[in-house]
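Chemist: Input target25.cif, format and content: mmCIF, C-alpha atoms.
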data_query
loop_
_atom_site.label_atom_id
_atom_site.label_comp_id
_atom_site.auth_asym_id
_atom_site.auth_seq_id
_atom_site.Cartn_x
_atom_site.Cartn_y
_atom_site.Cartn_z
CA MET A 1 -30.44 111.27 125.33
CA THR A 2 -33.19 113.66 126.25
CA GLY A 3 -34.83 115.53 123.34
CA ALA A 4 -32.22 114.23 120.87
CA THR A 5 -32.37 112.46 117.52
CA VAL A 6 -29.74 111.07 115.21
CA ASP A 7 -30.60 112.49 111.78
CA TRP A 8 -27.84 110.72 109.85
CA ARG A 9 -25.06 108.18 110.35
CA LEU A 10 -22.48 106.28 108.34
CA THR A 11 -23.74 102.75 107.71
CA ASP A 12 -21.34 101.11 105.23
CA PRO A 13 -20.25 97.84 106.88
CA GLY A 14 -16.66 98.14 105.57
CA ARG A 15 -16.00 101.59 107.02
CA GLN A 16 -13.20 102.44 109.46
CA LEU A 17 -14.97 105.59 110.68
CA ASP A 18 -18.18 106.30 112.57
CA ALA A 19 -19.99 109.61 112.14
CA ASN A 20 -23.38 110.80 113.39
CA LEU A 21 -25.41 113.96 112.90
CA VAL A 22 -27.12 114.61 116.24
CA ARG A 23 -29.93 117.12 116.74
CA LEU A 24 -30.94 118.41 120.19
CA ASN A 25 -34.20 120.23 120.77
CA PRO A 26 -33.94 123.70 122.36
CA GLU A 27 -32.68 123.59 125.97
CA HIS A 28 -32.30 119.76 125.90
CA HIS A 29 -29.13 117.90 126.74
CA ILE A 30 -27.08 114.74 126.56
CA GLY A 31 -26.11 113.85 130.12
CA GLU A 32 -22.62 113.57 131.49
CA HIS A 33 -20.71 110.52 130.29
CA VAL A 34 -17.20 109.27 129.59
CA GLU A 35 -16.00 107.63 126.38
CA PRO A 36 -13.16 105.45 127.69
CA ASP A 37 -11.75 104.16 124.39
CA LEU A 38 -12.13 106.65 121.55
CA ASP A 39 -11.26 110.26 120.78
CA VAL A 40 -14.26 112.10 119.28
CA LEU A 41 -14.31 115.14 117.02
CA LEU A 42 -17.45 117.28 117.38
CA VAL A 43 -18.41 119.92 114.79
CA ALA A 44 -21.37 122.23 115.44
CA VAL A 45 -23.42 122.74 112.28
CA GLU A 46 -26.59 124.57 113.38
CA GLY A 47 -28.01 126.39 116.40
CA ASP A 48 -26.03 126.93 119.58
CA GLY A 49 -25.10 125.27 122.84
CA VAL A 50 -22.31 124.29 125.20
CA VAL A 51 -20.21 121.18 125.64
CA HIS A 52 -19.14 120.79 129.28
CA LEU A 53 -15.69 119.19 129.66
CA ASP A 54 -13.31 118.48 132.52
CA SER A 55 -11.12 121.22 131.06
CA GLY A 56 -13.95 123.80 130.94
CA ASP A 57 -16.98 124.74 128.88
CA GLN A 58 -16.76 125.19 125.11
CA ARG A 59 -19.38 127.33 123.35
CA LEU A 60 -20.91 125.64 120.31
CA VAL A 61 -21.92 127.77 117.32
CA PRO A 62 -21.92 126.75 113.66
CA GLY A 63 -18.38 125.92 112.61
CA ALA A 64 -17.05 125.33 116.14
CA VAL A 65 -14.82 122.25 116.33
CA VAL A 66 -14.11 120.51 119.64
CA TRP A 67 -11.81 117.56 120.28
CA LEU A 68 -13.12 115.25 123.00
CA PRO A 69 -10.18 113.12 124.15
CA ARG A 70 -10.85 109.55 125.21
CA GLY A 71 -11.38 109.28 128.94
CA SER A 72 -12.74 112.81 129.25
CA ARG A 73 -16.03 113.50 131.01
CA ARG A 74 -18.48 115.48 128.84
CA SER A 75 -22.09 116.57 128.42
CA VAL A 76 -23.79 118.67 125.75
CA ARG A 77 -26.59 121.21 126.21
CA ALA A 78 -28.50 122.95 123.42
CA GLY A 79 -29.29 126.64 123.62
CA ALA A 80 -32.60 128.38 122.92
CA ASN A 81 -32.26 127.66 119.17
CA GLY A 82 -31.53 123.93 119.51
CA LEU A 83 -28.28 122.40 118.33
CA ALA A 84 -27.14 120.11 115.53
CA TYR A 85 -23.63 118.68 115.51
CA LEU A 86 -21.60 116.06 113.73
CA THR A 87 -19.47 113.59 115.67
CA SER A 88 -16.74 111.49 114.15
CA HIS A 89 -14.50 108.81 115.63
CA GLN A 90 -12.77 105.58 114.79
CA ARG A 91 -15.25 102.78 114.29
CA ARG A 92 -15.79 100.73 117.40
CA PRO A 93 -15.28 97.02 116.72
CA GLY A 94 -18.43 94.93 116.94
CA MET A 95 -19.06 92.71 119.92
CA ARG A 96 -17.79 89.17 119.55
CA ILE A 97 -18.81 86.23 121.68
CA THR A 98 -15.94 83.85 122.29
CA ALA A 99 -15.37 80.83 124.46
CA PRO A 100 -13.87 81.51 127.89
CA PRO A 101 -10.16 80.80 128.30
CA PRO A 102 -9.35 77.22 129.36
CA GLY A 103 -9.66 76.64 133.09
CA THR A 104 -12.01 79.58 133.80
CA ARG A 105 -15.25 77.61 134.04
#
Spit out the file's structure as structure tokens when you get a sec.
Modeler:
Amino acid sequence: MTGATVDWRLTDPGRQLDANLVRLNPEHHIGEHVEPDLDVLLVAVEGDGVVHLDSGDQRLVPGAVVWLPRGSRRSVRAGANGLAYLTSHQRRPGMRITAPPPGTR
């Protein structure tokens, strides 16, 4: 993430939801990426910008809500005033290290 900070996030270990308040400096961006497993809800709360999606660009102004379906390619760019937005999605399970299945060594 270029010129971005996470100002707030849910941290309760028993939660079923993840949420982050992301702030982008003016004219900065989060590069193109794909979230393969989770749908994400994005809510613009301050400033302006654009989220680029496979289906087309969505303008972000305070109050704009965008659904980012799992598997979709996306990037976010802040406008001249910067951008703050909240993302929310199902909590991703933590990584677990397990023994390999029998016969795979």
Chemist: Given the choices A:Ser75, A:Thr11, A:Gln16, A:Ser55, which gets closest to His89 of chain A if the distance is worked out from only C-alpha atoms?
Modeler: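 Answer, going by the shortest atom-to-atom distance: A:Gln16.
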Chemist: Enumerate, as a list in words, the protein, DNA and RNA residues whose atoms approach (-17.4, 127.5, 112.9) to within 8 Å, taking into account all atoms listed in the file and the coordinate frame of the file.
Modeler: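 So the residues meeting the distance criterion are Val43, Ala44, Val45, Val61, Pro62, Gly63, Ala64 and Val65 of chain A.
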Chemist: Which of these residues is nearest to Trp67 of chain A, using all atoms listed in the file: A:Leu17, A:Leu53, A:Val40, A:Ala84?
Modeler: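 Nearest to Trp67 of chain A: A:Val40.
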Chemist: Residues within 12 Å of Asp37 of chain A, please, as a PDB file with C-alpha atoms, in the coordinates of the input. Count all atoms listed in the file; anything in the same chain fewer than 4 positions from it doesn't count.
Modeler:
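The resulting file, around.pdb, is shown below:
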ATOM      1  CA  LEU A  68     -13.120 115.250 123.000  1.00  0.00           C
ATOM      2  CA  PRO A  69     -10.180 113.120 124.150  1.00  0.00           C
ATOM      3  CA  ARG A  70     -10.850 109.550 125.210  1.00  0.00           C
ATOM      4  CA  GLY A  71     -11.380 109.280 128.940  1.00  0.00           C
ATOM      5  CA  SER A  72     -12.740 112.810 129.250  1.00  0.00           C
ATOM      6  CA  HIS A  89     -14.500 108.810 115.630  1.00  0.00           C
ATOM      7  CA  GLN A  90     -12.770 105.580 114.790  1.00  0.00           C
ATOM      8  CA  ARG A  91     -15.250 102.780 114.290  1.00  0.00           C
ATOM      9  CA  ARG A  92     -15.790 100.730 117.400  1.00  0.00           C
ATOM     10  CA  PRO A  93     -15.280  97.020 116.720  1.00  0.00           C
TER      11      PRO A  93
END
Chemist: Can you pull out the residues contacting Ile30 of chain A? Cut-off 12 Å, using only C-alpha atoms, and skip same-chain residues under 6 positions away; I want them as a list in words.
Modeler: Met1, Thr2, Gly3, Ala4, Thr5, Val22, Arg23, Leu24, Gly49, Val50, Val51, His52, Arg73, Arg74, Ser75, Val76, Arg77, Ala78 and Leu83 of chain A
Chemist: Nearest residue to Leu10 of chain A out of A:Ser88, A:Arg59, A:Gly47, A:Asp54, using only C-alpha atoms?
Modeler: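 Nearest to Leu10 of chain A: A:Ser88.
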Chemist: When the PyMOL selection byres ((chain A and resi 21) around 6) is applied to the file above, which residues end up in the set, as a list of chain:residue names?
Modeler: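 This file gives the following for the PyMOL selection byres ((chain A and resi 21) around 6): A:Val6, A:Asp7, A:Trp8, A:Asn20, A:Val22, A:Tyr85, A:Leu86.
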Chemist: If you measure from atom CA of Ala80 of chain A to atom CA of Glu35 of chain A, what distance in Å do you get, rounded to one decimal?
Modeler: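 Atom CA of Glu35 of chain A lies at a distance of 26.8 Å from atom CA of Ala80 of chain A.
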Chemist: Have a look at atom CA of Leu41 of chain A and atom CA of Leu60 of chain A and let me know their distance in Å, one decimal.
Modeler: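 So the two atoms, atom CA of Leu41 of chain A and atom CA of Leu60 of chain A, lie 12.8 Å apart.
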Chemist: Which is closer to Pro26 of chain A than all the others in A:Val66, A:Asp12, A:Gly56, A:Gly82, using only C-alpha atoms?
Modeler: A:Gly82
Chemist: Could you write out as lines of an AutoDock Vina configuration file the box around segment 85-91 of chain A (axis-aligned, all atoms listed in the file, 4 Å on each side), with centre and edge lengths in Å to one decimal?
Modeler:
center_x = -18.2
center_y = 110.7
center_z = 114.7
size_x = 18.9
size_y = 23.9
size_z = 9.9
Chemist: Between atom CA of Asp57 of chain A and atom CA of Asn81 of chain A, what distance in Å does the model show, to one decimal?
Modeler: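 It comes out at 18.3 Å.
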